[in-house]
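The data block below is entry23.tsv; it holds TSV, C-alpha atoms.
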chain	number	residue	atom	x	y	z
A	19	MET	CA	71.78	160.43	88.92
A	20	ALA	CA	74.27	161.53	86.27
A	21	GLN	CA	77.20	163.55	87.50
A	22	THR	CA	77.99	166.79	85.73
A	23	GLU	CA	81.41	168.35	85.45
A	24	GLU	CA	81.63	171.43	87.62
A	25	LYS	CA	82.47	174.61	85.74
A	26	PRO	CA	85.48	176.45	87.18
A	27	PRO	CA	84.91	179.96	88.61
A	28	THR	CA	85.07	182.57	85.86
A	29	VAL	CA	85.27	186.33	85.47
A	30	LEU	CA	83.81	188.59	82.78
A	31	SER	CA	85.60	191.60	81.37
A	32	HIS	CA	85.57	193.87	78.35
A	33	GLY	CA	87.65	192.46	75.52
A	34	ASP	CA	89.48	194.13	72.68
A	35	LEU	CA	87.33	195.08	69.71
A	36	PRO	CA	88.42	193.44	66.44
A	37	TYR	CA	87.14	196.51	64.55
A	38	PRO	CA	86.38	200.07	65.71
A	39	LYS	CA	83.18	200.55	67.71
A	40	GLY	CA	80.30	201.30	65.34
A	41	THR	CA	81.72	199.22	62.47
A	42	LEU	CA	78.94	197.52	60.50
A	43	VAL	CA	79.43	193.78	61.01
A	44	GLU	CA	77.61	190.62	59.96
A	45	ASP	CA	76.86	187.49	61.95
A	46	VAL	CA	77.87	184.94	59.30
A	47	GLU	CA	75.56	182.25	60.74
A	48	THR	CA	72.35	184.32	60.74
A	49	GLY	CA	73.19	186.97	58.11
A	50	ARG	CA	72.07	189.65	60.55
A	51	THR	CA	74.00	192.96	60.40
A	52	GLY	CA	74.52	195.63	62.99
A	53	GLU	CA	77.00	198.06	64.47
A	54	LEU	CA	79.60	196.54	66.77
A	55	GLN	CA	79.15	197.87	70.30
A	56	GLY	CA	81.50	195.80	72.42
A	57	VAL	CA	83.06	192.45	73.32
A	58	ILE	CA	82.81	190.57	76.61
A	59	GLU	CA	85.35	187.87	77.47
A	60	GLU	CA	84.86	185.04	79.95
A	61	ARG	CA	88.07	183.78	81.55
A	62	VAL	CA	88.89	181.17	84.20
A	63	LYS	CA	89.49	182.91	87.50
A	64	GLY	CA	93.11	182.57	88.57
A	65	THR	CA	94.59	181.19	85.34
A	66	GLY	CA	93.11	183.73	82.92
A	67	LYS	CA	92.39	180.99	80.34
A	68	LEU	CA	89.98	182.37	77.74
A	69	LEU	CA	86.69	180.44	77.61
A	70	SER	CA	84.54	182.60	75.35
A	71	GLN	CA	84.27	185.93	73.56
A	72	THR	CA	80.87	187.44	72.82
A	73	ALA	CA	80.26	190.37	70.49
A	74	PHE	CA	77.37	192.78	71.04
A	75	MET	CA	75.74	194.50	68.06
A	76	ARG	CA	72.93	197.00	67.57
A	77	PRO	CA	70.91	197.48	64.37
A	78	ARG	CA	72.00	200.50	62.35
A	79	GLY	CA	69.68	203.36	63.24
A	80	GLY	CA	68.88	201.93	66.69
A	81	GLY	CA	66.96	199.05	68.15
A	82	LEU	CA	67.55	196.11	70.44
A	83	GLU	CA	71.12	194.98	70.93
A	84	TRP	CA	71.91	191.29	70.39
A	85	GLU	CA	74.90	189.07	70.89
A	86	ALA	CA	76.80	186.41	68.97
A	87	PRO	CA	80.08	184.53	69.45
A	88	LEU	CA	82.93	186.77	68.30
A	89	ASN	CA	84.22	184.14	65.85
A	90	ARG	CA	80.97	184.48	63.84
A	91	ILE	CA	81.45	188.21	63.22
A	92	LYS	CA	83.04	189.77	60.14
A	93	PRO	CA	82.86	193.23	58.54
A	94	ALA	CA	79.67	193.57	56.51
A	95	ASP	CA	79.61	194.42	52.83
A	96	GLU	CA	77.90	197.80	52.99
A	97	ASN	CA	76.96	197.58	49.31
A	98	GLY	CA	74.66	194.63	49.97

When written as C-alpha cells, how does the structure in this file appear?
Amino acid sequence: MAQTEEKPPTVLSHGDLPYPKGTLVEDVETGRTGELQGVIEERVKGTGKLLSQTAFMRPRGGGLEWEAPLNRIKPADENG
C-alpha cells in the first residue's frame, strides 16, 4: 500500500476581503462573474501558516453562491 503524507491539523477563519463586499468580481479561469461575499482562510493550527484562501461569490441579482481560489479573482469590467 502507498503511504500518504498526513495533512497537519488546520483551522478555518474569515479572511480579509481584497475588495469591498458586494464588489463585482470575475473568476479569471472560468470567466464567471458575481458579487464578492467573503473569504475563508485555511491555516495550520499552531503555526498559523496560510495554506489556502477561498473567495465566495454570488451571481448579481441572487442565485447560488460558488467558490474559487482567491488568487483567481479580480474586479470585473462592468462594461462587458

CA of Pro87 in chain A to CA of Thr22 in chain A measures 24.2 Å

Atom pair CA of Arg90 in chain A + CA of Ala73 in chain A, distance 8.9 Å

Looking at only C-alpha atoms, which of A:Pro38, A:Gly49, A:Pro27, A:Gly56 is the one that sits closest to Gln71 in chain A? A:Gly56

Near Arg78 in chain A, within 12 Å and counting all atoms listed in the file, which residues show up once chain neighbours fewer than 4 positions away are dropped, as a PyMOL selection string? chain A and resi 40-44+50-55+82-83+94+96

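Proximity ranking of A:Thr28, A:Asp34, A:Glu23, A:Asp95 relative to Gly64 in chain A places A:Thr28 first, based on only C-alpha atoms.
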